[in-house]
file structure-v9.tsv (TSV, C-alpha atoms)
chain	number	residue	atom	x	y	z
Y	253	MET	CA	2.44	21.68	3.69
Y	254	ALA	CA	0.85	22.82	0.49
Y	255	THR	CA	-0.06	20.82	-2.56
Y	256	THR	CA	3.05	21.81	-4.49
Y	257	ALA	CA	4.92	19.26	-6.51
Y	258	THR	CA	8.28	18.32	-5.07
Y	259	PRO	CA	10.99	16.12	-6.51
Y	260	ASN	CA	10.52	12.42	-5.88
Y	261	PRO	CA	13.67	10.96	-4.31
Y	262	GLY	CA	15.10	8.30	-6.58
Y	263	GLY	CA	13.01	9.31	-9.59
Y	264	ASP	CA	12.43	12.10	-12.07
Y	265	ALA	CA	8.65	12.46	-11.60
Y	266	PRO	CA	7.48	15.09	-9.09
Y	267	ASP	CA	5.77	13.99	-5.88
Y	268	GLU	CA	2.08	15.00	-6.20
Y	269	THR	CA	1.26	14.22	-2.56
Y	270	LEU	CA	-1.51	16.38	-1.18
Y	271	TRP	CA	0.11	17.30	2.13
Y	272	LEU	CA	-1.97	18.11	5.21
Y	273	ASN	CA	-2.69	21.75	5.88
Y	274	PRO	CA	-2.32	22.96	9.51
Y	275	ASP	CA	-6.01	22.37	10.36
Y	276	GLU	CA	-5.96	18.87	8.84
Y	277	LYS	CA	-2.73	18.05	10.64
Y	278	GLU	CA	-4.20	19.20	13.96
Y	279	ALA	CA	-7.32	17.07	13.39
Y	280	TRP	CA	-5.25	14.03	12.42
Y	281	THR	CA	-2.81	14.44	15.32
Y	282	GLY	CA	-5.73	14.76	17.73
Y	283	LEU	CA	-7.36	11.60	16.40
Y	284	VAL	CA	-4.13	9.61	16.59
Y	285	SER	CA	-3.61	10.85	20.13
Y	286	LEU	CA	-7.07	9.58	21.09
Y	287	ILE	CA	-6.55	6.25	19.36
Y	288	LEU	CA	-3.18	5.61	20.98
Y	289	LEU	CA	-3.53	7.14	24.45
Y	290	LEU	CA	-7.15	6.76	25.49
Y	291	PRO	CA	-7.31	2.94	25.55
Y	292	GLY	CA	-4.50	2.72	28.11
Y	293	ARG	CA	-6.15	5.32	30.29
Y	294	LEU	CA	-9.45	3.44	30.13
Y	295	GLU	CA	-7.74	0.12	30.83
Y	296	SER	CA	-5.79	1.19	33.90
Y	297	PRO	CA	-8.75	1.36	36.33
Y	298	LEU	CA	-10.21	-1.87	34.90
Y	299	GLN	CA	-6.93	-3.67	35.51
Y	300	HIS	CA	-6.60	-2.25	39.00
Y	301	GLU	CA	-10.18	-2.77	40.20
Y	302	ALA	CA	-11.47	-5.70	38.13
Y	303	GLY	CA	-8.35	-7.49	36.88
Y	304	LEU	CA	-9.50	-7.11	33.26
Y	305	THR	CA	-7.88	-5.59	30.21
Y	306	LEU	CA	-9.98	-3.19	28.17
Y	307	PHE	CA	-10.24	-5.82	25.43
Y	308	GLU	CA	-11.47	-8.43	27.93
Y	309	TYR	CA	-14.02	-6.01	29.38
Y	310	LEU	CA	-15.29	-5.02	25.92
Y	311	THR	CA	-15.56	-8.68	24.96
Y	312	LEU	CA	-17.68	-9.50	28.02
Y	313	SER	CA	-19.68	-6.29	27.71
Y	314	HIS	CA	-20.61	-6.81	24.07
Y	315	ILE	CA	-21.76	-10.36	24.72
Y	316	SER	CA	-23.77	-9.16	27.74
Y	317	GLU	CA	-25.61	-6.60	25.59
Y	318	ALA	CA	-26.40	-9.01	22.75
Y	319	PRO	CA	-29.80	-10.72	22.50
Y	320	GLY	CA	-29.77	-13.79	24.73
Y	321	ARG	CA	-26.21	-12.83	25.77
Y	322	ARG	CA	-25.00	-14.70	22.67
Y	323	LEU	CA	-22.87	-13.34	19.82
Y	324	ARG	CA	-21.04	-14.73	16.83
Y	325	MET	CA	-17.28	-14.69	17.35
Y	326	SER	CA	-16.73	-12.77	14.09
Y	327	GLU	CA	-19.15	-10.04	15.18
Y	328	LEU	CA	-17.57	-9.98	18.63
Y	329	ALA	CA	-14.07	-9.59	17.16
Y	330	TYR	CA	-15.26	-6.56	15.22
Y	331	LEU	CA	-17.06	-5.00	18.18
Y	332	ALA	CA	-14.16	-5.55	20.58
Y	333	ASN	CA	-11.66	-4.41	17.92
Y	334	GLY	CA	-9.53	-7.52	17.86
Y	335	SER	CA	-8.53	-10.31	15.53
Y	336	LEU	CA	-10.36	-13.62	15.64
Y	337	SER	CA	-7.20	-15.33	16.91
Y	338	ARG	CA	-6.78	-12.82	19.77
Y	339	LEU	CA	-10.45	-13.11	20.63
Y	340	SER	CA	-10.29	-16.90	20.50
Y	341	ASN	CA	-7.45	-16.91	23.04
Y	342	VAL	CA	-9.33	-14.58	25.37
Y	343	VAL	CA	-12.57	-16.54	25.06
Y	344	LYS	CA	-10.67	-19.77	25.73
Y	345	ARG	CA	-9.48	-18.27	29.05
Y	346	PHE	CA	-13.03	-17.12	29.76
Y	347	GLU	CA	-14.29	-20.66	29.11
Y	348	GLN	CA	-11.73	-22.03	31.59
Y	349	ARG	CA	-13.03	-19.57	34.19
Y	350	GLY	CA	-16.64	-20.51	33.45
Y	351	TRP	CA	-17.53	-17.06	32.10
Y	352	VAL	CA	-18.28	-17.97	28.46
Y	353	GLU	CA	-19.38	-21.03	26.51
Y	354	ARG	CA	-18.78	-21.53	22.78
Y	355	SER	CA	-20.96	-23.53	20.42
Y	356	PRO	CA	-21.76	-23.76	16.72
Y	357	ASP	CA	-24.25	-21.14	15.53
Y	358	PRO	CA	-27.62	-22.94	15.29
Y	359	ASP	CA	-28.55	-20.78	12.27
Y	360	ASP	CA	-25.30	-21.41	10.39
Y	361	GLY	CA	-22.88	-24.04	11.68
Y	362	ARG	CA	-19.96	-22.39	9.88
Y	363	TYR	CA	-19.94	-19.77	12.65
Y	364	THR	CA	-19.18	-20.08	16.36
Y	365	VAL	CA	-21.28	-18.34	18.98
Y	366	ALA	CA	-19.95	-17.12	22.32
Y	367	ALA	CA	-22.52	-17.16	25.13
Y	368	LEU	CA	-22.06	-15.42	28.45
Y	369	THR	CA	-22.70	-17.60	31.50
Y	370	ASP	CA	-24.34	-16.26	34.65
Y	371	VAL	CA	-20.90	-16.12	36.29
Y	372	GLY	CA	-19.52	-14.16	33.32
Y	373	TYR	CA	-22.45	-11.80	33.51
Y	374	GLU	CA	-21.70	-11.17	37.19
Y	375	VAL	CA	-18.07	-10.35	36.27
Y	376	VAL	CA	-19.05	-7.77	33.65
Y	377	VAL	CA	-21.74	-6.25	35.88
Y	378	ALA	CA	-19.17	-5.85	38.67
Y	379	ALA	CA	-16.62	-4.23	36.31
Y	380	ALA	CA	-19.08	-1.94	34.49
Y	381	PRO	CA	-19.18	0.87	37.09
Y	382	THR	CA	-15.37	1.15	36.96
Y	383	HIS	CA	-15.46	1.41	33.18
Y	384	VAL	CA	-18.33	3.91	33.15
Y	385	ARG	CA	-16.56	6.12	35.70
Y	386	ALA	CA	-13.43	6.17	33.53
Y	387	VAL	CA	-15.44	6.91	30.36
Y	388	ARG	CA	-17.20	9.79	32.09
Y	389	GLN	CA	-14.03	11.20	33.66
Y	390	LEU	CA	-11.77	10.87	30.62
Y	391	VAL	CA	-14.24	11.61	27.83
Y	392	LEU	CA	-17.86	12.54	28.40
Y	393	ASP	CA	-17.46	14.99	31.30
Y	394	GLN	CA	-14.96	16.95	29.18
Y	395	LEU	CA	-17.51	17.46	26.39
Y	396	THR	CA	-20.68	19.48	26.02
Y	397	ALA	CA	-23.81	17.79	24.68
Y	398	THR	CA	-23.03	19.38	21.31
Y	399	ASP	CA	-19.47	18.00	21.43
Y	400	GLN	CA	-20.82	14.54	22.26
Y	401	GLN	CA	-23.21	14.67	19.30
Y	402	ALA	CA	-20.39	15.83	17.01
Y	403	LEU	CA	-18.16	13.02	18.27
Y	404	ALA	CA	-20.91	10.47	17.61
Y	405	ARG	CA	-21.41	11.81	14.06
Y	406	ILE	CA	-17.67	11.74	13.36
Y	407	ALA	CA	-17.32	8.22	14.74
Y	408	ALA	CA	-20.22	7.04	12.56
Y	409	LYS	CA	-18.57	8.53	9.48
Y	410	LEU	CA	-15.21	6.94	10.24
Y	411	ARG	CA	-16.48	3.52	11.34
Y	412	VAL	CA	-15.31	0.72	9.12
Y	413	ARG	CA	-17.43	-2.42	9.16
Y	414	PRO	CA	-16.24	-5.62	7.50
Y	415	VAL	CA	-18.38	-6.68	4.55
Y	416	ASP	CA	-19.37	-9.99	6.15
Y	417	LEU	CA	-20.82	-8.15	9.18
Y	418	ALA	CA	-22.71	-5.48	7.25
call {"tool": "encode", "arguments": {"input": "structure-v9.tsv", "output": "structure tokens"}}
result
Amino acid sequence: MATTATPNPGGDAPDETLWLNPDEKEAWTGLVSLILLLPGRLESPLQHEAGLTLFEYLTLSHISEAPGRRLRMSELAYLANGSLSRLSNVVKRFEQRGWVERSPDPDDGRYTVAALTDVGYEVVVAAAPTHVRAVRQLVLDQLTATDQQALARIAAKLRVRPVDLA
């Protein structure tokens, strides 16, 4: 749609909405498709082969890649794309399985740190090849090196980082 003014239902003032042009709509629709469909496709093999959801795998993976395999829960929630309450529930289950231990942050006791145990590390190491295969098959193998670089640039521009994690 163009940028023309249209009547505003229920009011006299025209609607000055800047509607998406066809190229913008195609870009937006493509992004929404990726956001909504890709996670399920990445999760399916993880569930089948490792018994993990994508969120659980990302949680373990991010802790495993952190220095000392320790990460603040707030940082982990951001990286795994989940709320602190959702993350807390998942980490509680991981603690019960002996995969993760939580403790106050030694640098600032207001924060909680999640630390991956050796058993938890073994779980994520065992699941990683399944995840990497899915990432390659569903995303990276479909893209040229130039496409991958463009995707990385776009992702960096669109990334939203909470102020307290900046």
call {"tool": "closest_residue", "arguments": {"input": "structure-v9.tsv", "among": "Y:Val352, Y:Leu410, Y:Val391, Y:Ala279", "to": "Ser316 (chain Y)", "atoms": "all atoms listed in the file"}}
result
Y:Val352
call {"tool": "residues_around", "arguments": {"input": "structure-v9.tsv", "residues": "region 347-350 of chain Y", "least_positions_apart": "5", "cutoff": "10 Å", "atoms": "all atoms listed in the file", "output": "ChimeraX atom specification"}}
result
/Y:341-342,366-372
call {"tool": "residues_around", "arguments": {"input": "structure-v9.tsv", "residues": "Val384 (chain Y)", "least_positions_apart": "4", "cutoff": "12 Å", "atoms": "all atoms listed in the file", "output": "PyMOL selection string"}}
result
chain Y and resi 294-295+297-298+309-310+313+376-380+388-393
call {"tool": "atom_distance", "arguments": {"input": "structure-v9.tsv", "atom1": "CA of Arg385 (chain Y)", "atom2": "CA of Asn333 (chain Y)"}}
result
21.2 Å
call {"tool": "closest_residue", "arguments": {"input": "structure-v9.tsv", "among": "Y:His314, Y:Arg405, Y:Arg324, Y:Arg345", "to": "Val365 (chain Y)", "atoms": "all atoms listed in the file"}}
result
Y:Arg324
call {"tool": "atom_distance", "arguments": {"input": "structure-v9.tsv", "atom1": "CA of Arg338 (chain Y)", "atom2": "CA of His300 (chain Y)"}}
result
21.9 Å
call {"tool": "closest_residue", "arguments": {"input": "structure-v9.tsv", "among": "Y:Val387, Y:Ile406, Y:Ala329, Y:Ala318", "to": "Leu283 (chain Y)", "atoms": "all atoms listed in the file"}}
result
Y:Ile406
call {"tool": "closest_residue", "arguments": {"input": "structure-v9.tsv", "among": "Y:Leu270, Y:Leu312, Y:Leu290, Y:Ala402", "to": "Tyr373 (chain Y)", "atoms": "all atoms listed in the file"}}
result
Y:Leu312
call {"tool": "decode", "arguments": {"input": "structure-v9.tsv", "residues": "region 324-351 of chain Y", "atoms": "C-alpha atoms", "output": "short mmCIF file (atom, residue, chain, number, x, y, z; two decimals), in the first residue's frame"}}
result
data_model
loop_
_atom_site.label_atom_id
_atom_site.label_comp_id
_atom_site.auth_asym_id
_atom_site.auth_seq_id
_atom_site.Cartn_x
_atom_site.Cartn_y
_atom_site.Cartn_z
CA ARG Y 324 24.57 -15.11 34.89
CA MET Y 325 20.94 -16.17 34.61
CA SER Y 326 19.94 -12.76 33.19
CA GLU Y 327 22.54 -13.04 30.43
CA LEU Y 328 21.51 -16.63 29.77
CA ALA Y 329 17.83 -15.65 29.48
CA TYR Y 330 18.76 -13.11 26.83
CA LEU Y 331 21.02 -15.49 24.91
CA ALA Y 332 18.50 -18.34 24.96
CA ASN Y 333 15.65 -15.93 24.15
CA GLY Y 334 13.49 -16.68 27.13
CA SER Y 335 12.10 -14.99 30.21
CA LEU Y 336 13.86 -15.36 33.54
CA SER Y 337 10.91 -17.33 34.90
CA ARG Y 338 10.96 -19.79 31.96
CA LEU Y 339 14.72 -20.13 32.27
CA SER Y 340 14.47 -20.62 36.03
CA ASN Y 341 12.05 -23.52 35.53
CA VAL Y 342 14.31 -25.16 32.94
CA VAL Y 343 17.43 -24.69 35.07
CA LYS Y 344 15.59 -26.13 38.07
CA ARG Y 345 14.94 -29.31 36.04
CA PHE Y 346 18.59 -29.30 34.94
CA GLU Y 347 19.67 -29.04 38.58
CA GLN Y 348 17.50 -32.05 39.44
CA ARG Y 349 19.22 -34.01 36.67
CA GLY Y 350 22.66 -32.91 37.86
CA TRP Y 351 23.39 -30.90 34.70
#
